[in-house]
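Just start-v7.csv here, CSV, C-alpha atoms:
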chain,number,residue,atom,x,y,z
O,1,MET,CA,0.0,0.0,0.0
O,2,THR,CA,1.4,3.4,-1.0
O,3,ALA,CA,2.1,5.7,1.9
O,4,THR,CA,0.0,8.9,2.0
O,5,LEU,CA,0.3,12.3,3.6
O,6,SER,CA,-2.9,13.9,5.0
O,7,ILE,CA,-2.5,17.6,5.7
O,8,LEU,CA,-5.2,19.1,7.9
O,9,ILE,CA,-6.3,22.7,7.8
O,10,TYR,CA,-7.3,24.7,10.9
O,11,HIS,CA,-7.8,28.4,11.3
O,12,ARG,CA,-8.9,28.9,14.9
O,13,VAL,CA,-9.2,26.9,18.1
O,14,LEU,CA,-11.7,28.6,20.3
O,15,ALA,CA,-11.4,28.5,24.1
O,16,ARG,CA,-15.2,27.7,24.3
O,17,PRO,CA,-17.9,27.0,21.6
O,18,ASP,CA,-19.3,29.9,19.7
O,19,PRO,CA,-23.1,29.6,19.2
O,20,LEU,CA,-22.8,31.7,16.0
O,21,PHE,CA,-20.4,29.1,14.6
O,22,PRO,CA,-21.2,25.8,16.1
O,23,GLY,CA,-18.9,24.0,13.6
O,24,GLU,CA,-15.8,26.0,14.6
O,25,VAL,CA,-13.1,24.0,16.4
O,26,ASP,CA,-12.9,24.6,20.1
O,27,ALA,CA,-10.3,23.4,22.7
O,28,VAL,CA,-12.2,20.2,23.7
O,29,LEU,CA,-12.7,19.1,20.1
O,30,PHE,CA,-9.2,20.0,19.0
O,31,GLU,CA,-7.7,17.9,21.9
O,32,ARG,CA,-10.0,15.0,20.9
O,33,GLN,CA,-8.7,15.2,17.3
O,34,LEU,CA,-5.1,15.3,18.5
O,35,ARG,CA,-5.6,12.1,20.4
O,36,LEU,CA,-7.2,10.4,17.3
O,37,LEU,CA,-4.3,11.5,15.1
O,38,LYS,CA,-1.8,10.2,17.6
O,39,ARG,CA,-3.6,6.8,17.8
O,40,PHE,CA,-4.4,6.2,14.2
O,41,TYR,CA,-1.9,8.2,12.2
O,42,THR,CA,1.8,9.1,12.3
O,43,PRO,CA,2.0,12.9,13.0
O,44,LEU,CA,4.9,14.7,11.4
O,45,SER,CA,6.1,18.3,11.0
O,46,LEU,CA,5.4,19.6,7.5
O,47,SER,CA,9.1,20.0,6.8
O,48,ASP,CA,9.8,16.4,7.9
O,49,ALA,CA,6.9,15.2,5.8
O,50,VAL,CA,8.2,17.1,2.7
O,51,GLN,CA,11.6,15.6,3.2
O,52,ARG,CA,10.2,12.1,3.5
O,53,LEU,CA,8.1,12.5,0.4
O,54,GLN,CA,11.2,13.4,-1.5
O,55,ASN,CA,13.2,10.5,0.0
O,56,GLY,CA,10.5,8.0,-0.5
O,57,ASN,CA,10.4,6.9,3.2
O,58,LEU,CA,7.0,8.5,4.2
O,59,PRO,CA,5.4,6.3,6.9
O,60,GLN,CA,1.9,4.9,6.4
O,61,ARG,CA,-0.9,7.3,7.3
O,62,ALA,CA,1.4,10.3,7.8
O,63,ALA,CA,-0.4,13.4,8.9
O,64,CYS,CA,0.4,17.1,9.4
O,65,ILE,CA,-1.4,19.9,11.2
O,66,THR,CA,-1.5,23.4,9.7
O,67,PHE,CA,-3.1,26.6,10.7
O,68,ASP,CA,-3.9,29.5,8.3
O,69,ASP,CA,-4.0,33.3,8.8
O,70,GLY,CA,-2.5,33.8,12.3
O,71,TYR,CA,-5.2,34.0,14.9
O,72,ALA,CA,-4.2,34.8,18.5
O,73,ASP,CA,-6.0,31.7,19.8
O,74,ASN,CA,-3.4,29.6,17.9
O,75,ALA,CA,-0.9,30.7,20.6
O,76,GLN,CA,-3.4,31.0,23.5
O,77,VAL,CA,-5.4,27.8,23.0
O,78,ALA,CA,-3.9,25.5,20.4
O,79,LEU,CA,-0.2,25.8,21.4
O,80,PRO,CA,-0.6,24.5,25.0
O,81,LEU,CA,-2.6,21.5,23.7
O,82,LEU,CA,-0.1,20.7,21.0
O,83,ARG,CA,2.7,20.8,23.6
O,84,ARG,CA,0.7,18.7,26.0
O,85,HIS,CA,0.4,15.9,23.4
O,86,GLY,CA,3.9,16.3,22.0
O,87,MET,CA,2.5,17.3,18.6
O,88,HIS,CA,3.7,19.7,15.9
O,89,ALA,CA,1.9,22.2,13.7
O,90,THR,CA,2.8,24.7,11.0
O,91,PHE,CA,1.3,28.2,11.2
O,92,PHE,CA,0.9,30.1,8.0
O,93,ILE,CA,0.8,33.8,8.8
O,94,ALA,CA,-0.6,36.8,6.9
O,95,THR,CA,1.8,39.3,8.3
O,96,GLY,CA,-0.3,42.4,7.5
O,97,TYR,CA,-2.7,41.5,10.3
O,98,LEU,CA,-0.2,41.0,13.2
O,99,ASP,CA,-0.5,43.3,16.2
O,100,GLY,CA,-4.1,44.4,16.0
O,101,GLY,CA,-5.1,43.9,12.4
O,102,GLN,CA,-8.5,42.4,11.4
O,103,MET,CA,-9.3,40.4,8.3
O,104,TRP,CA,-12.2,41.6,6.2
O,105,ASN,CA,-14.3,38.5,7.0
O,106,ASP,CA,-13.9,38.9,10.7
O,107,THR,CA,-15.0,42.6,10.3
O,108,VAL,CA,-18.2,41.4,8.7
O,109,ILE,CA,-18.8,38.6,11.2
O,110,GLU,CA,-18.4,40.9,14.2
O,111,ALA,CA,-20.6,43.6,12.6
O,112,VAL,CA,-23.4,41.1,12.1
O,113,ARG,CA,-22.9,39.5,15.5
O,114,GLN,CA,-23.2,42.8,17.3
O,115,ALA,CA,-25.7,44.6,15.1
O,116,ALA,CA,-28.6,45.9,17.2
O,117,GLY,CA,-31.2,44.5,14.8
O,118,PRO,CA,-33.9,43.5,14.0
O,119,VAL,CA,-32.7,44.4,10.4
O,120,LEU,CA,-29.3,45.4,9.1
O,121,ASP,CA,-30.0,47.7,6.1
O,122,LEU,CA,-27.2,47.7,3.6
O,123,ARG,CA,-29.1,48.9,0.6
O,124,LYS,CA,-27.0,52.0,0.2
O,125,HIS,CA,-24.0,49.8,-0.2
O,126,GLU,CA,-26.0,47.7,-2.8
O,127,LEU,CA,-25.9,44.7,-0.6
O,128,GLY,CA,-29.5,44.4,0.4
O,129,THR,CA,-31.3,44.1,3.8
O,130,PHE,CA,-30.7,41.4,6.3
O,131,PRO,CA,-33.0,40.3,9.2
O,132,VAL,CA,-30.8,39.7,12.3
O,133,ALA,CA,-33.3,39.2,15.1
O,134,SER,CA,-32.4,35.5,15.6
O,135,LEU,CA,-29.2,33.5,15.7
O,136,ALA,CA,-30.2,31.7,12.5
O,137,GLN,CA,-30.8,35.0,10.7
O,138,ARG,CA,-27.4,36.3,11.8
O,139,GLN,CA,-25.8,33.1,10.5
O,140,ALA,CA,-27.6,33.4,7.2
O,141,ALA,CA,-26.6,37.1,6.9
O,142,ILE,CA,-23.0,36.3,7.5
O,143,ALA,CA,-22.9,33.5,4.9
O,144,THR,CA,-24.6,35.7,2.3
O,145,LEU,CA,-22.3,38.7,2.9
O,146,LEU,CA,-19.1,36.7,2.9
O,147,GLY,CA,-20.2,35.2,-0.4
O,148,GLN,CA,-21.0,38.6,-1.9
O,149,LEU,CA,-17.7,40.1,-0.9
O,150,LYS,CA,-15.2,37.3,-1.2
O,151,TYR,CA,-14.1,37.7,-4.9
O,152,LEU,CA,-14.4,41.5,-5.1
O,153,PRO,CA,-11.1,43.4,-5.7
O,154,PHE,CA,-9.1,43.6,-2.5
O,155,ALA,CA,-9.5,47.3,-1.9
O,156,ARG,CA,-13.2,47.2,-2.6
O,157,ARG,CA,-13.7,44.2,-0.3
O,158,GLN,CA,-11.9,46.0,2.6
O,159,GLN,CA,-13.9,49.2,2.0
O,160,LEU,CA,-17.2,47.4,2.1
O,161,ALA,CA,-16.4,45.4,5.2
O,162,MET,CA,-15.6,48.7,7.0
O,163,ARG,CA,-18.8,50.2,5.8
O,164,ILE,CA,-20.8,47.3,7.0
O,165,ARG,CA,-19.3,47.6,10.4
O,166,ARG,CA,-20.1,51.3,10.6
O,167,GLN,CA,-23.6,50.7,9.4
O,168,ALA,CA,-24.1,48.2,12.1
O,169,GLY,CA,-22.8,50.7,14.7
O,170,VAL,CA,-20.1,48.3,15.9
O,171,LEU,CA,-16.8,49.3,17.3
O,172,ALA,CA,-13.6,47.3,16.8
O,173,GLY,CA,-13.3,44.5,19.4
O,174,PRO,CA,-10.2,43.1,21.1
O,175,PRO,CA,-7.5,41.9,18.6
O,176,ALA,CA,-8.2,38.5,17.2
O,177,MET,CA,-4.9,38.1,15.4
O,178,LEU,CA,-1.5,37.2,16.8
O,179,SER,CA,0.9,39.8,18.2
O,180,THR,CA,4.5,39.7,17.2
O,181,ALA,CA,5.3,38.3,20.7
O,182,GLN,CA,2.8,35.5,20.2
O,183,LEU,CA,4.3,34.7,16.8
O,184,ARG,CA,7.7,34.4,18.3
O,185,GLN,CA,6.3,32.3,21.1
O,186,LEU,CA,5.1,29.8,18.5
O,187,HIS,CA,8.5,29.7,16.8
O,188,ALA,CA,10.3,29.4,20.1
O,189,ALA,CA,8.1,26.4,21.0
O,190,GLY,CA,9.5,24.6,18.0
O,191,MET,CA,6.5,25.2,15.8
O,192,GLU,CA,7.0,25.9,12.1
O,193,VAL,CA,6.1,29.3,10.7
O,194,GLY,CA,5.1,29.6,7.1
O,195,ALA,CA,4.2,32.5,4.8
O,196,HIS,CA,0.6,33.3,3.8
O,197,THR,CA,1.3,36.6,1.9
O,198,ASP,CA,1.2,40.0,3.6
O,199,SER,CA,-2.5,41.0,3.2
O,200,HIS,CA,-4.1,37.7,2.3
O,201,PRO,CA,-5.5,38.6,-1.2
O,202,ILE,CA,-6.9,36.1,-3.5
O,203,LEU,CA,-3.8,36.0,-5.8
O,204,SER,CA,-5.8,35.5,-9.0
O,205,THR,CA,-7.5,38.8,-8.5
O,206,LEU,CA,-4.2,40.7,-8.6
O,207,PRO,CA,-1.9,41.8,-11.4
O,208,ASP,CA,1.1,39.4,-11.4
O,209,HIS,CA,3.6,42.0,-10.1
O,210,ALA,CA,1.3,42.8,-7.2
O,211,ALA,CA,0.8,39.1,-6.4
O,212,ARG,CA,4.5,38.4,-6.4
O,213,GLN,CA,5.2,41.5,-4.2
O,214,ASN,CA,2.5,40.4,-1.7
O,215,ILE,CA,4.0,36.9,-1.4
O,216,ALA,CA,7.6,38.2,-1.2
O,217,ASP,CA,6.6,40.8,1.5
O,218,GLY,CA,5.0,38.2,3.7
O,219,LYS,CA,8.1,36.0,3.5
O,220,ARG,CA,10.5,38.9,4.2
O,221,GLN,CA,8.6,40.2,7.1
O,222,LEU,CA,8.3,36.8,8.8
O,223,GLU,CA,12.0,36.1,8.4
O,224,SER,CA,12.8,39.5,10.0
O,225,LEU,CA,10.4,38.8,12.9
O,226,ILE,CA,11.6,35.3,13.7
O,227,GLN,CA,15.2,35.6,12.5
O,228,ALA,CA,15.0,32.3,10.6
O,229,PRO,CA,14.3,31.2,7.0
O,230,VAL,CA,10.7,30.8,5.9
O,231,THR,CA,10.5,28.0,3.3
O,232,LEU,CA,6.8,27.0,3.5
O,233,PHE,CA,3.9,28.8,1.9
O,234,ALA,CA,0.1,28.5,1.8
O,235,TYR,CA,-1.9,30.0,-1.1
O,236,PRO,CA,-4.7,32.3,0.3
O,237,ASN,CA,-8.1,30.6,-0.1
O,238,GLY,CA,-6.1,28.0,-2.0
O,239,LYS,CA,-8.3,26.5,-4.8
O,240,ALA,CA,-6.2,25.6,-7.8
O,241,GLY,CA,-7.3,27.3,-11.0
O,242,ARG,CA,-9.7,29.7,-9.1
O,243,ASP,CA,-7.7,31.3,-6.3
O,244,TYR,CA,-4.2,30.8,-7.7
O,245,GLY,CA,-2.8,29.8,-11.1
O,246,ALA,CA,0.4,28.5,-12.7
O,247,PRO,CA,2.1,31.9,-12.6
O,248,HIS,CA,1.7,32.0,-8.8
O,249,VAL,CA,3.2,28.5,-8.5
O,250,ALA,CA,6.2,29.8,-10.5
O,251,MET,CA,6.4,32.9,-8.2
O,252,VAL,CA,6.5,30.7,-5.1
O,253,LYS,CA,9.2,28.6,-6.6
O,254,SER,CA,11.3,31.6,-7.7
O,255,LEU,CA,11.1,33.1,-4.2
O,256,GLY,CA,12.8,30.1,-2.7
O,257,PHE,CA,10.0,28.2,-1.0
O,258,LYS,CA,10.6,24.5,-0.7
O,259,ALA,CA,6.9,23.5,-0.4
O,260,ALA,CA,3.5,25.1,-0.7
O,261,VAL,CA,0.0,23.9,0.3
O,262,ALA,CA,-3.4,24.5,-1.4
O,263,THR,CA,-6.9,23.7,-0.1
O,264,ASP,CA,-7.9,21.1,-2.7
O,265,TRP,CA,-8.9,17.8,-1.0
O,266,GLY,CA,-6.7,14.8,-1.3
O,267,VAL,CA,-3.4,13.4,0.0
O,268,ALA,CA,0.2,13.7,-1.2
O,269,ARG,CA,2.0,10.5,-2.3
O,270,PRO,CA,5.6,9.8,-3.1
O,271,GLY,CA,6.3,9.3,-6.8
O,272,ALA,CA,5.8,10.7,-10.2
O,273,GLY,CA,2.7,12.8,-9.5
O,274,LEU,CA,4.2,14.6,-6.5
O,275,ASP,CA,4.2,18.4,-6.7
O,276,LEU,CA,5.7,19.9,-3.5
O,277,LEU,CA,4.5,23.4,-4.5
O,278,GLN,CA,0.8,22.3,-4.6
O,279,LEU,CA,0.3,19.9,-1.7
O,280,PRO,CA,-3.4,19.1,-1.1
O,281,ARG,CA,-5.0,19.9,2.3
O,282,PHE,CA,-8.4,19.4,3.7
O,283,THR,CA,-10.6,20.2,6.7
O,284,PRO,CA,-12.3,17.2,8.5
O,285,TRP,CA,-15.3,19.1,10.0
O,286,ASP,CA,-17.0,16.2,11.7
O,287,ARG,CA,-17.2,16.5,15.5
O,288,GLY,CA,-17.7,12.8,16.3
O,289,ARG,CA,-14.8,10.5,16.7
O,290,LEU,CA,-15.9,7.9,14.2
O,291,ALA,CA,-17.0,10.5,11.7
O,292,PHE,CA,-13.7,12.3,12.0
O,293,LEU,CA,-11.8,9.1,11.2
O,294,TRP,CA,-14.2,8.2,8.4
O,295,ARG,CA,-13.6,11.6,6.8
O,296,MET,CA,-9.9,11.2,7.1
O,297,ARG,CA,-10.2,7.8,5.4
O,298,GLN,CA,-12.4,9.2,2.6
O,299,ASN,CA,-9.9,11.9,1.9
O,300,ARG,CA,-7.1,9.3,1.5
O,301,ARG,CA,-9.2,7.8,-1.2
O,302,GLN,CA,-9.7,11.0,-3.1
O,303,ALA,CA,-8.6,11.1,-6.7
O,304,HIS,CA,-5.3,12.9,-7.3
O,305,PRO,CA,-6.2,16.6,-7.1
O,306,ALA,CA,-5.8,18.9,-10.1
O,307,ARG,CA,-2.4,20.4,-10.6
O,308,LEU,CA,-1.3,23.5,-12.5
O,309,ASP,CA,1.8,23.4,-14.7
O,310,ALA,CA,4.1,26.2,-13.6
O,311,GLY,CA,6.2,25.7,-16.6

Show how you would write the structure in this file as structure tokens.
Amino acid sequence: MTATLSILIYHRVLARPDPLFPGEVDAVLFERQLRLLKRFYTPLSLSDAVQRLQNGNLPQRAACITFDDGYADNAQVALPLLRRHGMHATFFIATGYLDGGQMWNDTVIEAVRQAAGPVLDLRKHELGTFPVASLAQRQAAIATLLGQLKYLPFARRQQLAMRIRRQAGVLAGPPAMLSTAQLRQLHAAGMEVGAHTDSHPILSTLPDHAARQNIADGKRQLESLIQAPVTLFAYPNGKAGRDYGAPHVAMVKSLGFKAAVATDWGVARPGAGLDLLQLPRFTPWDRGRLAFLWRMRQNRRQAHPARLDAG
């Protein structure tokens, strides 16, 4: 049987469940999943896994844990649990949001969460009106607004997110993203730090020169902050052919990254089809133990994900 590498994607690990996002990973669920990975898989650091893929000595059921974006709870909640279980993770950081920044989607989420209600009227921004009297209505409003804004040009997306917050009458809350000190704490604890661009744009929406600059800036800033090489990259949003293309793979290669991860489901296997600059990743969202393991198993059976030729 061919060895496979399953790379898991996380974003946040909440200290306690959030009623607005019942599917979001919290500390209890994350620890349960760590135990399952230790029991049924061979956890590796991403760098180690990449090296073993190249060497052809990847163990059966290898698995890596990755986090995207750079939320503060990665250091506050996830890190202590990782250390308790002797586990490793790679944290892909969008450097422009360190030390008090807020990503556009979180701006929208918090605006809807805290809107006075019963209706959030965004017609003057050409976004419609949204009932927000109940939890279910707020969840629906968030899903619709995130879908409407996601693929807009970066500046327009940021602008609209701020206008939604102002319309909702919501003030900025406590920082959700890592501080520089917390980033260094992750690195000092032996966790890997990878690049995720500076401002987390969808690369395919940018001119090539701007995309390359954003990737390069994130790498340079991280290397300056942790005083170590950064050789791993995660494509923002990460769907091949939609969120990034072959030119972006070529940029990542030219900037000296050794490996990069996408968000297309599947597993990496040693051999002829291996592309270290487009490693598949997935999110097993099931909360039950058996369902989590079943999802992991199904992902291992995925057909080889699409790959883009960087030339």

Would you mind listing what lies within 12 Å of Gln76 (chain O) as a PDB file with C-alpha atoms, in the frame of the given file, with all atoms listed in the file counted and same-chain residues fewer than 6 positions away left out?
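Final output, out34.pdb:
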ATOM      1  CA  ARG O  12      -8.900  28.900  14.900  1.00  0.00           C
ATOM      2  CA  VAL O  13      -9.200  26.900  18.100  1.00  0.00           C
ATOM      3  CA  LEU O  14     -11.700  28.600  20.300  1.00  0.00           C
ATOM      4  CA  ALA O  15     -11.400  28.500  24.100  1.00  0.00           C
ATOM      5  CA  ASP O  26     -12.900  24.600  20.100  1.00  0.00           C
ATOM      6  CA  ALA O  27     -10.300  23.400  22.700  1.00  0.00           C
ATOM      7  CA  GLY O  70      -2.500  33.800  12.300  1.00  0.00           C
ATOM      8  CA  LEU O  82      -0.100  20.700  21.000  1.00  0.00           C
ATOM      9  CA  ARG O  83       2.700  20.800  23.600  1.00  0.00           C
ATOM     10  CA  ALA O 176      -8.200  38.500  17.200  1.00  0.00           C
ATOM     11  CA  MET O 177      -4.900  38.100  15.400  1.00  0.00           C
ATOM     12  CA  LEU O 178      -1.500  37.200  16.800  1.00  0.00           C
ATOM     13  CA  SER O 179       0.900  39.800  18.200  1.00  0.00           C
ATOM     14  CA  ALA O 181       5.300  38.300  20.700  1.00  0.00           C
ATOM     15  CA  GLN O 182       2.800  35.500  20.200  1.00  0.00           C
ATOM     16  CA  LEU O 183       4.300  34.700  16.800  1.00  0.00           C
ATOM     17  CA  GLN O 185       6.300  32.300  21.100  1.00  0.00           C
ATOM     18  CA  LEU O 186       5.100  29.800  18.500  1.00  0.00           C
TER      19      LEU O 186
END

### Residues near Leu149 (chain O), cut-off 10 Å, all atoms listed in the file, skip fewer than 3 positions along chain, as a VMD selection string
chain O and resid 104 to 105 108 127 144 to 146 152 to 154 156 to 158 160 to 161

### Message
Can you tell me which residues surround Thr231 (chain O) at a distance of at most 8 Å, considering all atoms listed in the file, apart from same-chain residues fewer than 5 positions away, and format the answer as JSON, numbers by chain?
### Response
{"O": [194, 195, 256, 257, 258, 259]}

### Query
In Å, with one decimal, what is the gap from CA of Gln139 (chain O) to CA of Arg287 (chain O)?
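CA of Arg287 (chain O) lies at a distance of 19.4 Å from CA of Gln139 (chain O).
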
### Query
Which of these residues is nearest to Lys38 (chain O), using only C-alpha atoms: O:Ala63, O:Leu20, O:Gln159, O:Asn55?
O:Ala63

### Query
Residues at most 10 Å from Tyr97 (chain O), counting only C-alpha atoms, excluding those fewer than 3 positions away in the same chain, as a list in words?
Asp69, Gly70, Tyr71, Ile93, Ala94, Gly100, Gly101, Gln102, Met103, Pro175, Ala176, Met177, Leu178, Ser179, Asp198, Ser199 and His200 of chain O

Store the residues picked out above in a file with C-alpha atoms, as an mmCIF file, in the coordinates of the input.
data_model
loop_
_atom_site.group_PDB
_atom_site.id
_atom_site.type_symbol
_atom_site.label_atom_id
_atom_site.label_comp_id
_atom_site.auth_asym_id
_atom_site.auth_seq_id
_atom_site.Cartn_x
_atom_site.Cartn_y
_atom_site.Cartn_z
ATOM 1 C CA ASP O 69 -4.000 33.300 8.800
ATOM 2 C CA GLY O 70 -2.500 33.800 12.300
ATOM 3 C CA TYR O 71 -5.200 34.000 14.900
ATOM 4 C CA ILE O 93 0.800 33.800 8.800
ATOM 5 C CA ALA O 94 -0.600 36.800 6.900
ATOM 6 C CA GLY O 100 -4.100 44.400 16.000
ATOM 7 C CA GLY O 101 -5.100 43.900 12.400
ATOM 8 C CA GLN O 102 -8.500 42.400 11.400
ATOM 9 C CA MET O 103 -9.300 40.400 8.300
ATOM 10 C CA PRO O 175 -7.500 41.900 18.600
ATOM 11 C CA ALA O 176 -8.200 38.500 17.200
ATOM 12 C CA MET O 177 -4.900 38.100 15.400
ATOM 13 C CA LEU O 178 -1.500 37.200 16.800
ATOM 14 C CA SER O 179 0.900 39.800 18.200
ATOM 15 C CA ASP O 198 1.200 40.000 3.600
ATOM 16 C CA SER O 199 -2.500 41.000 3.200
ATOM 17 C CA HIS O 200 -4.100 37.700 2.300
#

### Task
Considering all atoms listed in the file, return as an MDAnalysis selection string whatever protein or nucleic-acid residues lie within 10 Å of Leu53 (chain O), sequence-local ones (same chain, fewer than 3 positions apart) excluded.
chainID O and resid 3:5 47:50 56:59 268:271 274 276

### Query
Suppose you want the space between CA of Ala188 (chain O) and CA of Ile7 (chain O); what is it in Å?
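If I compute the distance from CA of Ala188 (chain O) to CA of Ile7 (chain O), I get 22.6 Å.
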
### Task
Take CA of Val119 (chain O) and CA of Ala168 (chain O) and report the distance between them in Å, one decimal.
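So the answer is 9.6 Å.
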
### Query
Of the candidates O:Lys253, O:His125, O:Phe292, O:Leu81, which shows the shortest atom-to-atom distance to Gln278 (chain O), using only C-alpha atoms?
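Selected residue with least distance to Gln278 (chain O): O:Lys253.
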
### Task
Choose the residue, out of O:Gln54, O:Thr66, O:Asn214, O:Thr129, that has the smallest atom-to-atom separation from Val261 (chain O); count all atoms listed in the file.
O:Thr66

### Task
Could you give me, as a ChimeraX atom specification, the residues that sit within 10 Å of (-27.6, 35.7, 14.3) in the file's coordinates, counting all atoms listed in the file?
/O:19-21,109,112-115,117,131-142
